[in-house]
$ cat input24.csv   # CSV, C-alpha atoms
chain,number,residue,atom,x,y,z
Y,1,MET,CA,-3.0,23.0,-6.2
Y,2,HIS,CA,-4.4,22.2,-2.8
Y,3,ILE,CA,-4.0,18.5,-2.4
Y,4,SER,CA,-5.5,16.6,0.5
Y,5,PHE,CA,-4.7,13.0,1.4
Y,6,LEU,CA,-7.2,11.0,3.5
Y,7,LEU,CA,-5.1,8.4,5.5
Y,8,HIS,CA,-6.2,5.7,7.9
Y,9,HIS,CA,-3.8,6.9,10.5
Y,10,ALA,CA,-0.6,8.9,10.2
Y,11,TYR,CA,1.1,7.6,13.4
Y,12,GLY,CA,2.4,4.3,12.3
Y,13,ILE,CA,5.3,3.0,10.2
Y,14,GLY,CA,3.5,0.9,7.6
Y,15,GLU,CA,4.1,1.0,3.8
Y,16,THR,CA,1.1,3.2,3.1
Y,17,VAL,CA,2.1,5.8,5.8
Y,18,ARG,CA,5.7,5.9,4.5
Y,19,ALA,CA,4.7,6.2,0.9
Y,20,THR,CA,2.1,8.9,1.6
Y,21,PHE,CA,4.5,10.9,3.8
Y,22,SER,CA,7.2,10.8,1.0
Y,23,LEU,CA,4.8,11.8,-1.7
Y,24,ALA,CA,3.3,14.6,0.4
Y,25,ASP,CA,6.7,15.9,1.3
Y,26,ALA,CA,7.7,16.1,-2.4
Y,27,LEU,CA,4.4,17.6,-3.5
Y,28,ALA,CA,4.7,20.3,-0.8
Y,29,ALA,CA,7.7,21.8,-2.7
Y,30,HIS,CA,5.2,23.3,-5.2
Y,31,HIS,CA,1.7,22.8,-3.9
Y,32,ASP,CA,-0.4,23.2,-0.8
Y,33,VAL,CA,-0.6,19.8,0.8
Y,34,GLU,CA,-2.4,18.3,3.8
Y,35,ILE,CA,-2.7,14.9,5.3
Y,36,VAL,CA,-6.0,14.2,7.1
Y,37,SER,CA,-5.6,11.2,9.4
Y,38,VAL,CA,-9.0,9.6,10.2
Y,39,LEU,CA,-7.7,8.2,13.5
Y,40,ARG,CA,-5.1,9.5,16.0
Y,41,HIS,CA,-3.6,7.1,18.5
Y,42,ARG,CA,-0.4,9.0,19.5
Y,43,ASP,CA,0.7,12.5,20.3
Y,44,ALA,CA,3.1,12.8,17.3
Y,45,PRO,CA,3.8,10.8,14.1
Y,46,THR,CA,6.6,8.2,14.3
Y,47,LEU,CA,7.9,9.3,10.9
Y,48,ASP,CA,9.2,12.7,10.0
Y,49,LEU,CA,6.9,14.9,8.0
Y,50,ASP,CA,7.9,18.1,6.1
Y,51,ARG,CA,6.8,21.1,8.1
Y,52,ARG,CA,5.1,22.5,4.9
Y,53,VAL,CA,2.6,19.6,5.0
Y,54,ALA,CA,-0.4,20.2,7.3
Y,55,LEU,CA,-1.4,17.3,9.5
Y,56,ARG,CA,-4.8,17.0,11.2
Y,57,HIS,CA,-7.1,14.2,12.4
Y,58,LEU,CA,-10.8,13.5,12.5
Y,59,VAL,CA,-11.2,11.1,15.5
Y,60,ASP,CA,-8.9,11.3,18.5
Y,61,LEU,CA,-8.5,8.0,20.3
Y,62,ARG,CA,-5.7,9.0,22.7
Y,63,GLU,CA,-6.5,8.1,26.3
Y,64,HIS,CA,-5.8,11.6,27.4
Y,65,ALA,CA,-7.7,13.3,24.5
Y,66,PRO,CA,-10.1,16.0,25.8
Y,67,ALA,CA,-12.7,15.6,23.0
Y,68,GLY,CA,-14.2,12.4,24.4
Y,69,ASP,CA,-14.2,10.5,21.1
Y,70,ARG,CA,-13.3,7.2,22.9
Y,71,THR,CA,-16.5,7.4,25.0
Y,72,ASP,CA,-18.8,8.7,22.2
Y,73,PRO,CA,-21.6,6.2,21.8
Y,74,ALA,CA,-21.2,6.5,18.0
Y,75,HIS,CA,-17.7,5.1,18.4
Y,76,THR,CA,-19.2,1.7,19.5
Y,77,ARG,CA,-21.6,1.4,16.6
Y,78,PRO,CA,-20.4,-0.1,13.3
Y,79,ALA,CA,-19.7,2.0,10.2
Y,80,LYS,CA,-22.2,2.0,7.4
Y,81,VAL,CA,-20.3,3.7,4.6
Y,82,PHE,CA,-16.8,2.1,5.1
Y,83,PRO,CA,-17.1,-1.3,3.5
Y,84,ALA,CA,-17.6,-4.2,5.9
Y,85,ALA,CA,-15.3,-6.4,3.8
Y,86,GLU,CA,-12.3,-4.0,4.2
Y,87,PRO,CA,-9.7,-5.5,6.6
Y,88,CYS,CA,-9.7,-2.3,8.8
Y,89,PHE,CA,-13.5,-2.3,9.1
Y,90,GLY,CA,-13.3,-3.1,12.8
Y,91,GLN,CA,-11.6,0.2,13.5
Y,92,TYR,CA,-14.3,2.3,11.8
Y,93,SER,CA,-17.6,3.3,13.3
Y,94,GLU,CA,-20.6,5.5,12.9
Y,95,LEU,CA,-18.4,8.2,14.4
Y,96,THR,CA,-15.7,7.9,11.7
Y,97,ASP,CA,-18.5,7.8,9.1
Y,98,ARG,CA,-19.9,11.1,10.4
Y,99,ARG,CA,-16.5,12.8,10.7
Y,100,ILE,CA,-15.3,11.7,7.3
Y,101,VAL,CA,-18.4,12.9,5.5
Y,102,ALA,CA,-18.3,16.3,7.3
Y,103,HIS,CA,-14.7,16.7,6.2
Y,104,LEU,CA,-15.4,15.8,2.6
Y,105,ARG,CA,-18.4,18.1,2.3
Y,106,ARG,CA,-16.5,21.2,3.5
Y,107,THR,CA,-13.0,20.5,2.0
Y,108,GLU,CA,-11.5,23.3,0.0
Y,109,ALA,CA,-9.0,21.0,-1.7
Y,110,ASP,CA,-8.6,20.8,-5.5
Y,111,VAL,CA,-7.7,17.1,-5.2
Y,112,VAL,CA,-8.8,14.6,-2.5
Y,113,ILE,CA,-7.0,11.3,-2.4
Y,114,GLY,CA,-8.0,8.1,-0.7
Y,115,THR,CA,-5.1,5.9,0.4
Y,116,ARG,CA,-7.0,2.7,1.0
Y,117,PRO,CA,-10.1,1.2,-0.6
Y,118,GLY,CA,-12.5,1.9,2.2
Y,119,LEU,CA,-11.5,5.6,2.3
Y,120,THR,CA,-11.7,5.8,-1.5
Y,121,VAL,CA,-15.3,4.6,-1.2
Y,122,HIS,CA,-16.0,7.5,1.1
Y,123,ILE,CA,-14.3,9.9,-1.3
Y,124,ALA,CA,-16.2,8.6,-4.3
Y,125,ARG,CA,-19.6,8.8,-2.7
Y,126,GLN,CA,-19.3,11.8,-0.4
Y,127,THR,CA,-16.9,14.5,-1.7
Y,128,ARG,CA,-18.6,17.7,-2.5
Y,129,ARG,CA,-18.9,18.9,-6.1
Y,130,GLY,CA,-15.6,20.5,-7.3
Y,131,PRO,CA,-12.5,18.6,-6.1
Y,132,LEU,CA,-11.0,15.8,-8.1
Y,133,ARG,CA,-11.8,12.4,-6.5
Y,134,VAL,CA,-8.8,10.2,-6.6
Y,135,GLY,CA,-8.1,6.7,-5.2
Y,136,GLN,CA,-4.7,5.2,-4.6
Y,137,GLU,CA,-4.5,1.4,-4.4
Y,138,PRO,CA,-2.0,0.4,-1.7
Y,139,HIS,CA,-2.1,-3.4,-2.6
Y,140,CYS,CA,-3.7,-4.9,-5.7
Y,141,LEU,CA,-7.2,-5.8,-6.8
Y,142,ALA,CA,-6.4,-9.5,-6.6
Y,143,ALA,CA,-5.6,-9.2,-2.9
Y,144,HIS,CA,-9.2,-8.1,-2.1
Y,145,GLY,CA,-12.0,-10.6,-1.4
Y,146,ARG,CA,-15.1,-10.9,-3.6
Y,147,GLU,CA,-17.3,-8.7,-1.3
Y,148,LEU,CA,-14.8,-5.9,-1.2
Y,149,ARG,CA,-14.4,-6.0,-5.0
Y,150,LEU,CA,-18.2,-5.7,-5.4
Y,151,ALA,CA,-18.2,-2.7,-3.1
Y,152,LEU,CA,-15.5,-1.0,-5.1
Y,153,ARG,CA,-17.2,-1.7,-8.4
Y,154,GLY,CA,-20.3,0.1,-7.1
Y,155,ALA,CA,-18.3,3.2,-5.9
Y,156,TYR,CA,-15.3,3.6,-8.1
Y,157,PRO,CA,-17.1,4.7,-11.3
Y,158,ARG,CA,-17.6,8.0,-9.5
Y,159,LEU,CA,-13.9,8.7,-9.2
Y,160,ASP,CA,-12.0,10.9,-11.5
Y,161,ALA,CA,-8.8,8.9,-11.3
Y,162,LEU,CA,-7.4,5.7,-9.7
Y,163,VAL,CA,-3.6,5.3,-9.2
Y,164,THR,CA,-2.1,1.9,-8.9
Y,165,ALA,CA,1.5,0.9,-8.1
Y,166,THR,CA,2.0,-1.3,-11.2
Y,167,GLU,CA,0.8,-1.5,-14.8
Y,168,ALA,CA,-0.4,-5.0,-14.2
Y,169,ASP,CA,-2.7,-3.9,-11.5
Y,170,ALA,CA,-4.0,-1.0,-13.5
Y,171,ARG,CA,-5.0,-3.4,-16.3
Y,172,ALA,CA,-6.7,-5.7,-13.7
Y,173,HIS,CA,-8.8,-2.7,-12.4
Y,174,LEU,CA,-9.9,-1.8,-16.0
Y,175,ARG,CA,-10.7,-5.4,-16.9
Y,176,ARG,CA,-12.5,-6.4,-13.7
Y,177,LEU,CA,-14.2,-3.2,-12.5
Y,178,ARG,CA,-14.8,-1.5,-15.8
Y,179,LEU,CA,-14.4,2.2,-15.1
Y,180,PRO,CA,-15.6,4.3,-18.0
Y,181,GLY,CA,-14.4,7.8,-17.8
Y,182,VAL,CA,-12.1,7.1,-14.9
Y,183,ARG,CA,-8.4,7.7,-15.6
Y,184,VAL,CA,-6.5,4.7,-14.3
Y,185,ALA,CA,-2.7,5.4,-14.1
Y,186,ALA,CA,0.2,3.3,-12.8
Y,187,VAL,CA,2.7,5.4,-10.8
Y,188,PRO,CA,5.3,3.7,-8.6
Y,189,ARG,CA,5.4,4.5,-4.9
Y,190,ALA,CA,7.6,7.3,-3.7
Y,191,VAL,CA,10.7,6.2,-1.8
Y,192,PRO,CA,13.4,8.7,-0.8
Y,193,ALA,CA,17.1,8.1,-1.3
Y,194,PRO,CA,18.6,6.5,1.9
Y,195,ARG,CA,20.5,8.8,4.2
Y,196,LEU,CA,23.4,6.4,4.5
Y,197,ALA,CA,25.8,4.5,2.3
Y,198,PRO,CA,24.3,1.7,0.2
Y,199,ALA,CA,24.8,-1.9,1.1
Y,200,ASP,CA,28.3,-3.2,0.1
Y,201,GLY,CA,27.2,-6.8,-0.3
Y,202,THR,CA,29.6,-8.2,2.2
Y,203,GLY,CA,27.1,-9.1,4.9
Y,204,ARG,CA,25.6,-12.6,5.2
Y,205,TRP,CA,22.1,-11.5,5.8
Y,206,VAL,CA,19.0,-12.1,3.6
Y,207,VAL,CA,16.4,-9.4,4.5
Y,208,ALA,CA,12.6,-9.4,4.1
Y,209,ALA,CA,10.1,-6.8,5.3
Y,210,GLY,CA,6.3,-6.4,5.3
Y,211,ARG,CA,3.2,-7.4,7.2
Y,212,LEU,CA,3.1,-11.0,8.4
Y,213,THR,CA,0.0,-12.0,6.4
Y,214,ARG,CA,-0.8,-15.1,4.3
Y,215,ALA,CA,-0.5,-13.1,1.1
Y,216,LYS,CA,3.1,-12.3,1.8
Y,217,ARG,CA,3.9,-16.1,1.9
Y,218,TYR,CA,6.7,-16.0,4.5
Y,219,ASP,CA,5.9,-19.6,5.1
Y,220,VAL,CA,7.3,-20.3,1.6
Y,221,LEU,CA,10.4,-18.2,2.4
Y,222,VAL,CA,11.1,-20.0,5.7
Y,223,ARG,CA,10.9,-23.4,4.0
Y,224,ALA,CA,13.1,-22.1,1.2
Y,225,PHE,CA,15.6,-20.9,3.7
Y,226,ALA,CA,15.8,-24.3,5.3
Y,227,ALA,CA,17.3,-25.5,2.0
Y,228,VAL,CA,19.7,-22.5,2.0
Y,229,VAL,CA,20.9,-23.3,5.5
Y,230,ALA,CA,21.6,-26.9,4.5
Y,231,GLU,CA,24.2,-25.6,2.0
Y,232,ARG,CA,25.2,-22.3,3.5
Y,233,PRO,CA,24.8,-22.5,7.3
Y,234,ASP,CA,26.8,-19.3,7.7
Y,235,TRP,CA,23.9,-17.2,6.3
Y,236,ARG,CA,20.9,-15.8,8.2
Y,237,LEU,CA,17.5,-14.4,7.4
Y,238,ARG,CA,15.8,-11.5,9.1
Y,239,ILE,CA,12.1,-10.8,8.6
Y,240,TYR,CA,10.8,-7.3,9.7
Y,241,GLY,CA,7.2,-6.7,10.4
Y,242,GLY,CA,4.3,-7.7,12.6
Y,243,GLY,CA,1.0,-9.3,11.8
Y,244,PRO,CA,-1.4,-12.3,12.4
Y,245,GLU,CA,0.9,-14.9,10.9
Y,246,LYS,CA,3.7,-14.5,13.5
Y,247,PRO,CA,2.7,-17.4,15.7
Y,248,ALA,CA,2.4,-19.8,12.8
Y,249,LEU,CA,5.8,-18.6,11.4
Y,250,ARG,CA,7.4,-19.0,14.8
Y,251,ALA,CA,6.1,-22.5,15.0
Y,252,LEU,CA,7.4,-23.3,11.5
Y,253,ILE,CA,10.8,-21.9,12.4
Y,254,ASP,CA,10.9,-24.2,15.5
Y,255,GLU,CA,9.7,-27.2,13.5
Y,256,LEU,CA,12.5,-26.8,10.9
Y,257,ASP,CA,15.1,-26.1,13.6
Y,258,LEU,CA,15.9,-22.7,12.1
Y,259,TYR,CA,15.7,-20.7,15.4
Y,260,ASN,CA,19.5,-19.9,15.0
Y,261,HIS,CA,19.1,-18.9,11.3
Y,262,VAL,CA,15.7,-17.2,10.8
Y,263,PHE,CA,14.7,-14.2,13.0
Y,264,LEU,CA,11.3,-12.5,13.3
Y,265,MET,CA,12.5,-9.0,14.1
Y,266,GLY,CA,9.1,-7.3,14.6
Y,267,PRO,CA,8.1,-3.9,13.1
Y,268,ALA,CA,10.9,-1.4,12.6
Y,269,GLY,CA,11.3,2.0,11.0
Y,270,PRO,CA,12.9,3.5,9.2
Y,271,LEU,CA,14.3,0.3,7.6
Y,272,GLU,CA,17.1,1.7,5.4
Y,273,SER,CA,19.7,0.9,8.0
Y,274,GLU,CA,18.5,-2.7,8.2
Y,275,TRP,CA,18.5,-3.1,4.4
Y,276,ALA,CA,22.0,-1.7,4.3
Y,277,LYS,CA,23.2,-4.4,6.6
Y,278,GLY,CA,21.9,-7.1,4.2
Y,279,ALA,CA,23.3,-8.7,1.1
Y,280,VAL,CA,20.1,-9.9,-0.6
Y,281,ALA,CA,16.5,-8.7,-0.3
Y,282,VAL,CA,13.6,-11.1,-0.8
Y,283,ASP,CA,9.9,-10.7,-1.4
Y,284,PRO,CA,7.9,-14.0,-1.5
Y,285,ALA,CA,4.4,-12.5,-1.9
Y,286,ASP,CA,2.1,-14.2,-4.4
Y,287,ARG,CA,-0.9,-11.9,-4.5
Y,288,GLU,CA,0.5,-8.4,-3.9
Y,289,PRO,CA,2.5,-6.1,-6.1
Y,290,ALA,CA,6.0,-5.4,-5.0
Y,291,GLY,CA,5.6,-2.4,-2.8
Y,292,THR,CA,7.4,0.2,-0.7
Y,293,ASP,CA,9.5,-2.3,1.1
Y,294,LEU,CA,11.1,-3.9,-2.0
Y,295,ALA,CA,11.6,-0.4,-3.5
Y,296,GLU,CA,13.4,0.7,-0.4
Y,297,ALA,CA,15.7,-2.4,-0.6
Y,298,LEU,CA,16.6,-1.5,-4.2
Y,299,ARG,CA,17.2,2.1,-3.2
Y,300,CYS,CA,19.7,0.7,-0.7
Y,301,GLY,CA,21.6,-1.2,-3.4
Y,302,LEU,CA,20.4,-4.7,-2.6
Y,303,PRO,CA,19.7,-7.2,-5.4
Y,304,ALA,CA,16.3,-8.8,-4.9
Y,305,VAL,CA,14.8,-12.2,-5.2
Y,306,ALA,CA,11.0,-11.9,-5.8
Y,307,THR,CA,8.2,-14.0,-7.0
Y,308,ASP,CA,7.0,-13.4,-10.5
Y,309,SER,CA,3.4,-12.9,-9.5
Y,310,PRO,CA,0.9,-11.4,-12.0
Y,311,TYR,CA,0.7,-8.0,-10.2
Y,312,GLY,CA,4.1,-6.3,-10.2
Y,313,PRO,CA,7.4,-7.6,-8.9
Y,314,GLY,CA,8.6,-8.1,-12.5
Y,315,GLU,CA,8.0,-4.3,-13.0
Y,316,LEU,CA,10.5,-3.6,-10.1
Y,317,VAL,CA,13.0,-6.4,-10.5
Y,318,GLU,CA,14.6,-7.2,-13.8
Y,319,ASP,CA,15.5,-10.8,-13.9
Y,320,GLY,CA,19.2,-11.4,-14.2
Y,321,ALA,CA,20.0,-7.6,-14.0
Y,322,THR,CA,18.8,-6.3,-10.6
Y,323,GLY,CA,17.8,-9.7,-9.1
Y,324,ARG,CA,16.0,-12.9,-9.8
Y,325,LEU,CA,12.3,-13.7,-10.4
Y,326,VAL,CA,11.0,-17.1,-9.4
Y,327,PRO,CA,7.5,-18.8,-9.5
Y,328,ALA,CA,5.2,-18.0,-6.7
Y,329,GLY,CA,4.6,-20.5,-3.9
Y,330,HIS,CA,7.7,-22.6,-4.9
Y,331,PRO,CA,10.2,-23.0,-2.0
Y,332,ALA,CA,12.7,-25.0,-4.1
Y,333,ALA,CA,12.9,-22.3,-6.8
Y,334,LEU,CA,13.2,-19.5,-4.2
Y,335,ALA,CA,16.0,-21.4,-2.4
Y,336,ALA,CA,17.8,-22.0,-5.7
Y,337,ALA,CA,17.7,-18.3,-6.6
Y,338,LEU,CA,18.9,-17.3,-3.1
Y,339,LEU,CA,21.8,-19.8,-3.3
Y,340,GLU,CA,22.7,-18.5,-6.7
Y,341,LEU,CA,23.2,-14.9,-5.4
Y,342,ILE,CA,24.8,-16.1,-2.1
Y,343,GLY,CA,27.4,-18.1,-4.0
Y,344,ASP,CA,28.2,-15.4,-6.6
Y,345,THR,CA,29.7,-12.4,-4.8
Y,346,ALA,CA,30.7,-10.6,-8.0
Y,347,GLY,CA,27.3,-11.1,-9.5
Y,348,ARG,CA,25.6,-10.0,-6.4
Y,349,THR,CA,27.6,-6.9,-6.3
Y,350,ARG,CA,26.9,-6.1,-9.9
Y,351,MET,CA,23.2,-6.7,-9.5
Y,352,GLY,CA,23.2,-4.5,-6.4
Y,353,ALA,CA,24.8,-1.6,-8.3
Y,354,ALA,CA,22.2,-2.0,-11.1
Y,355,ALA,CA,19.4,-2.1,-8.6
Y,356,LEU,CA,20.6,1.2,-7.0
Y,357,ALA,CA,20.8,2.9,-10.4
Y,358,ALA,CA,17.4,1.6,-11.6
Y,359,SER,CA,15.7,2.7,-8.3
Y,360,ALA,CA,16.0,6.4,-9.2
Y,361,ARG,CA,12.5,6.1,-10.7
Y,362,PHE,CA,11.2,5.9,-7.1
Y,363,ASP,CA,12.6,9.3,-6.3
Y,364,PRO,CA,9.8,11.3,-4.6
Y,365,ALA,CA,10.4,14.3,-6.8
Y,366,ALA,CA,9.9,12.2,-9.9
Y,367,VAL,CA,6.8,10.4,-8.5
Y,368,ALA,CA,5.3,13.7,-7.3
Y,369,GLY,CA,5.8,15.2,-10.7
Y,370,ARG,CA,3.9,12.4,-12.3
Y,371,HIS,CA,1.0,12.8,-9.8
Y,372,ALA,CA,1.0,16.6,-10.3
Y,373,ALA,CA,0.9,16.3,-14.1
Y,374,LEU,CA,-2.0,13.8,-13.8
Y,375,PHE,CA,-4.0,16.1,-11.5
Y,376,GLY,CA,-3.2,19.2,-13.5
Y,377,GLU,CA,-4.3,17.6,-16.7
Y,378,LEU,CA,-7.6,16.5,-15.2
Y,379,LEU,CA,-8.3,19.9,-13.7
Y,380,ASP,CA,-7.5,21.7,-16.9
Y,381,ARG,CA,-9.7,19.4,-18.8
Y,382,ARG,CA,-12.6,19.9,-16.4
Y,383,ARG,CA,-12.2,23.7,-16.5
Y,384,GLY,CA,-12.2,23.7,-20.3
Y,385,SER,CA,-15.2,21.4,-20.6
Y,386,GLY,CA,-17.9,23.1,-18.6
Y,387,LEU,CA,-20.3,20.5,-17.2
Y,388,ARG,CA,-18.2,17.5,-18.1
Y,389,GLY,CA,-17.1,16.9,-14.5
Y,390,SER,CA,-20.7,17.1,-13.3
Y,391,LEU,CA,-21.9,14.8,-16.1
Y,392,HIS,CA,-19.1,12.3,-15.2
Y,393,ARG,CA,-20.3,12.2,-11.6
Y,394,VAL,CA,-23.9,11.6,-12.6
Y,395,ARG,CA,-22.8,8.9,-15.0
Y,396,GLY,CA,-20.6,7.3,-12.4
Y,397,THR,CA,-23.4,7.3,-9.9
Y,398,LEU,CA,-25.7,5.6,-12.4
Y,399,ILE,CA,-23.1,3.0,-13.5
Y,400,GLY,CA,-22.1,2.2,-9.9
Y,401,GLY,CA,-25.8,1.7,-9.0
Y,402,ALA,CA,-26.3,-0.5,-12.0
Y,403,TYR,CA,-23.3,-2.6,-11.1
Y,404,ALA,CA,-24.6,-2.9,-7.5
Y,405,THR,CA,-28.0,-4.0,-8.6
Y,406,LYS,CA,-26.6,-6.5,-11.2
Y,407,ASP,CA,-24.2,-8.0,-8.6
Y,408,ALA,CA,-27.0,-8.4,-6.0
Y,409,ALA,CA,-29.2,-10.1,-8.6
Y,410,ARG,CA,-26.4,-12.5,-9.6
Y,411,ALA,CA,-25.7,-13.3,-6.0
Y,412,ALA,CA,-29.3,-14.1,-5.3
Y,413,VAL,CA,-29.8,-16.3,-8.4
Y,414,ARG,CA,-26.5,-18.0,-8.8
Y,415,GLY,CA,-24.9,-17.9,-5.3
Y,416,VAL,CA,-21.2,-17.1,-4.7
Y,417,ARG,CA,-19.5,-15.7,-7.8
Y,418,THR,CA,-16.3,-13.9,-8.3
Y,419,VAL,CA,-16.0,-10.4,-9.9
$ encode --input "input24.csv" --output "structure tokens"
Amino acid sequence: MHISFLLHHAYGIGETVRATFSLADALAAHHDVEIVSVLRHRDAPTLDLDRRVALRHLVDLREHAPAGDRTDPAHTRPAKVFPAAEPCFGQYSELTDRRIVAHLRRTEADVVIGTRPGLTVHIARQTRRGPLRVGQEPHCLAAHGRELRLALRGAYPRLDALVTATEADARAHLRRLRLPGVRVAAVPRAVPAPRLAPADGTGRWVVAAGRLTRAKRYDVLVRAFAAVVAERPDWRLRIYGGGPEKPALRALIDELDLYNHVFLMGPAGPLESEWAKGAVAVDPADREPAGTDLAEALRCGLPAVATDSPYGPGELVEDGATGRLVPAGHPAALAAALLELIGDTAGRTRMGAAALAASARFDPAAVAGRHAALFGELLDRRRGSGLRGSLHRVRGTLIGGAYATKDAARAAVRGVRTV
């Protein structure tokens, strides 16, 4: 198969970039794979990419780029296709709209995959007849605001498949968006085995990683760690990542006198060497499925403390076996679980070994095999059914339009309402 990923930009170190690179590398062992980066800010990717994976871009924003995309008047005008409610909307424009649709109308791929909701909307609406239209959900439906969910409900019925990271999020998409004829499959993110020895559990570091956003609830973690320090002042917390909540977290750390115990490390990649220095991983998020960061920690042999939110950590962390699950938004419970693992070296070591063994399901070859099987099945079904693919697209367009009309009418009559 010729498989094409549409990526926001391939030059960073975020979860979606890491997961896409790992999956593309593994798929390239048996398929023709490309990554199409909508934006280009740097000369070369920060992360390594298998030489068999083709990489190209649509809009070049480097200062020394010869094409003049930075000065194109269309670059200053807002996007019309990319949803305005998408967090990255400010980086999209009439120019990105134009380049994306040109790419999707001439692509020769068998499968086109959107790696964030706004790009999946483009794929659903604009991909030429022929390729499978696939969306990948990098977060979870519950993390999206009402306006974005409405935009997705109007576009996603045109997809052939939607891939979520967890079974819980797959069920949420089916229940809330209602996608007749769309295959919704839960497949974990691809995380390669670390290139160094796993953590030995002897360090006195608790490690967390991810964007510093409200949904990640690092404020709850910092407050919980104040209780940890009160009993175990010899332990420290490192939080890797950047984001809008950094000033508030810095102020909270100072307010709680934790500046010698809690460290905001900033973005870093790859993180495997940082996980390996730790003894416990922690994920306090309350509205996001456990993602690439937590999977990387498990692959490095760290037991994990995670919140038992409705959208997935419980599918990664087995309570009492590979870590502990605690209620979301509960600093005291989070502190108690951390202190339990900190105080039980033998148990921590046992859980770390179990986490390492269980993390084999994130191996890129296994994850790529599940994706390839899904795509192959859908392509075979289409080839054997004649016009079924075309009829599905027509039905999806009609259903999406009906949802959009219905939602607009509800908003006009009843005011703000959730999906």
$ residues_around --input "input24.csv" --residues "stretch 76-79 of chain Y" --least-positions-apart "4" --cutoff "9 Å" --atoms "all atoms listed in the file" --output "PyMOL selection string"
chain Y and resi 70-72+83-84+89-97
$ closest_residue --input "input24.csv" --among "Y:Trp275, Y:Tyr311, Y:Phe82, Y:Phe375" --to "Y:Cys140" --atoms "all atoms listed in the file"
Y:Tyr311
$ residues_around --input "input24.csv" --residues "Y:Leu237" --least-positions-apart "2" --cutoff "6 Å" --atoms "all atoms listed in the file" --output "PDB file with C-alpha atoms, keeping the file's coordinate frame"
ATOM      1  CA  TRP Y 205      22.100 -11.500   5.800  1.00  0.00           C
ATOM      2  CA  VAL Y 206      19.000 -12.100   3.600  1.00  0.00           C
ATOM      3  CA  VAL Y 207      16.400  -9.400   4.500  1.00  0.00           C
ATOM      4  CA  VAL Y 262      15.700 -17.200  10.800  1.00  0.00           C
TER       5      VAL Y 262
END
$ closest_residue --input "input24.csv" --among "Y:His8, Y:Lys246, Y:Arg18, Y:Arg52" --to "Y:Leu39" --atoms "only C-alpha atoms"
Y:His8
$ closest_residue --input "input24.csv" --among "Y:Gly154, Y:Met1, Y:Arg106, Y:Pro87" --to "Y:Glu377" --atoms "only C-alpha atoms"
Y:Met1
$ residues_around --input "input24.csv" --residues "Y:Leu302" --least-positions-apart "5" --cutoff "6 Å" --atoms "all atoms listed in the file" --output "PDB file with C-alpha atoms, in the frame of the given file"
ATOM      1  CA  VAL Y 280      20.100  -9.900  -0.600  1.00  0.00           C
ATOM      2  CA  ALA Y 297      15.700  -2.400  -0.600  1.00  0.00           C
ATOM      3  CA  GLY Y 352      23.200  -4.500  -6.400  1.00  0.00           C
TER       4      GLY Y 352
END
$ residues_around --input "input24.csv" --residues "Y:Ile123" --least-positions-apart "6" --cutoff "10 Å" --atoms "only C-alpha atoms" --output "PyMOL selection string"
chain Y and resi 6+100-101+104-105+112-114+117+132-135+155-156+158-159
$ atom_distance --input "input24.csv" --atom1 "atom CA of Y:Ala215" --atom2 "atom CA of Y:Ala358"
26.4 Å
$ atom_distance --input "input24.csv" --atom1 "atom CA of Y:Ala372" --atom2 "atom CA of Y:Leu177"
25.1 Å
$ residues_around --input "input24.csv" --residues "Y:Val163" --least-positions-apart "4" --cutoff "12 Å" --atoms "only C-alpha atoms" --output "PyMOL selection string"
chain Y and resi 113-117+120+133-141+156+159+167-171+173-174+182-189+367+370-371+374-375
$ atom_distance --input "input24.csv" --atom1 "atom CA of Y:Leu179" --atom2 "atom CA of Y:Leu378"
15.8 Å
